Structure formats: structure tokens, C-alpha cells
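What follows is a short report on a single structure.
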Amino acid sequence: MTENSSCCTPEGSCHSGTAGTAEVEGVTVTTTYQVTGMTCGHCEGAVSSEISEIPGVSAVQAVAATGLVTVTSKAPLDEEAVRAAVDEAGYELVGRAA
């Protein structure tokens, strides 16, 4: 067995060989989704709370009046993860807003 089976160099830096997966400090992705069923501030809070638990999410703004939820994250989010969070809050994700 060799000691060199790790993806890390002897100096301790890691190289995964996968392009586009490294986090770049200061770079964020903002995505707006359409959610149905929100009618008040409580609804906004419930949706925001569930989505904010998705790893990588740094900010969520839900607006019941428009049904729009704007999510800021470190990388693009899996829409199914967002859908599951919205469902858990008791609402329905229509999809990304145009």
C-alpha cells in the first residue's frame, strides 16, 4: 500500500482534478423562484427558514405579495433541494422565475 493515494500534495494542498468545483471567495449566485401559496409574513418566514437550511445558502428573501423567493448562494443550487425545502414549509415551488 502506498502513502500517495490521497488527492492532496505532500504540502497539504488538495487537487480534485474537477473543474468548477472550487469555491471562489466573494462569488455568489442569485436565483429567483416562483412559489405559490404564500399569503403573509409568516409564510415568507417559513419558506425562508427552510431554504436557508440548504448548504451554501447565504441569504433568502421571500415576498408573499409577488410569490417570488430570491436565494443567494455560494454555488448554483439543486432545484430539487429547493423544491423539497419549499414543500417542507408547506408551499409549492413552481420553478425559476422568468
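Quick note on naming: the chains in the C-alpha cells go A, B, ... in the order shown, residues restart at 1 in each chain, and ligands are numbered from 1 in order of appearance.
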Shell around Arg96 of chain A at 6 Å using only C-alpha atoms, local window under 5 positions removed, as a ChimeraX atom specification: /A:32-34
Write the residues you've just listed into a file as a compact mmCIF listing (two decimals), in the first residue's frame, and include C-alpha atoms for each of them.
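out_36.txt, written as the output of this step:
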# COMPACT_ATOMS: atom_id res chain seq x y z
CA THR A 32 -35.28 33.80 -8.05
CA TYR A 33 -38.01 31.17 -7.74
CA GLN A 34 -41.80 31.38 -8.04
Val47 of chain A surroundings by only C-alpha atoms, 6 Å radius, close-in-sequence under 2 positions cut, as a PyMOL selection string: chain A and resi 44-45+49-50+86+89
Atomic separation - atom CA of Thr36 of chain A relative to atom CA of Ser73 of chain A, Å: 21.7 Å
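Closest approach to Gly90 of chain A among A:Leu68, A:Leu77, A:Ser48, A:Gln61: A:Ser48, based on only C-alpha atoms.
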Residues within 10 Å of Glu80 of chain A, only C-alpha atoms, excluding chain neighbours under 5 positions, as number ranges by chain: A: 85-86, 93, 95
Would you export the selected residues with C-alpha atoms as a PDB file, in the first residue's frame, please?
ATOM      1  CA  ALA A  85     -37.421  22.808   1.302  1.00  0.00           C
ATOM      2  CA  VAL A  86     -40.447  24.709  -0.040  1.00  0.00           C
ATOM      3  CA  LEU A  93     -42.288  25.613  -5.919  1.00  0.00           C
ATOM      4  CA  GLY A  95     -39.911  26.850 -10.763  1.00  0.00           C
TER       5      GLY A  95
END
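For the atom pair formed by atom CA of Glu88 of chain A and atom CA of Cys40 of chain A, the distance is 17.1 Å, given to one decimal.
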6 Å contact set for Val35 of chain A, only C-alpha atoms, chain neighbours under 2 positions out, as a PyMOL selection string: chain A and resi 67+92-94
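Among the candidates A:Ala46, A:Val27, A:Ile51, A:Ala98, the one nearest to Glu79 of chain A when counting only C-alpha atoms is A:Ile51.
Closest approach to Met38 of chain A from the set A:Ala62, A:Ile54, A:Ala97, A:Ala81 is made by A:Ala62, with distances taken over only C-alpha atoms.
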Long-range neighbours of Ala59 of chain A as a PyMOL selection string, 8 Å cut-off, only C-alpha atoms, 3 positions minimum in chain: chain A and resi 52+71-73
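Relative to atom CA of Cys43 of chain A, atom CA of Thr31 of chain A is found at 19.2 Å.
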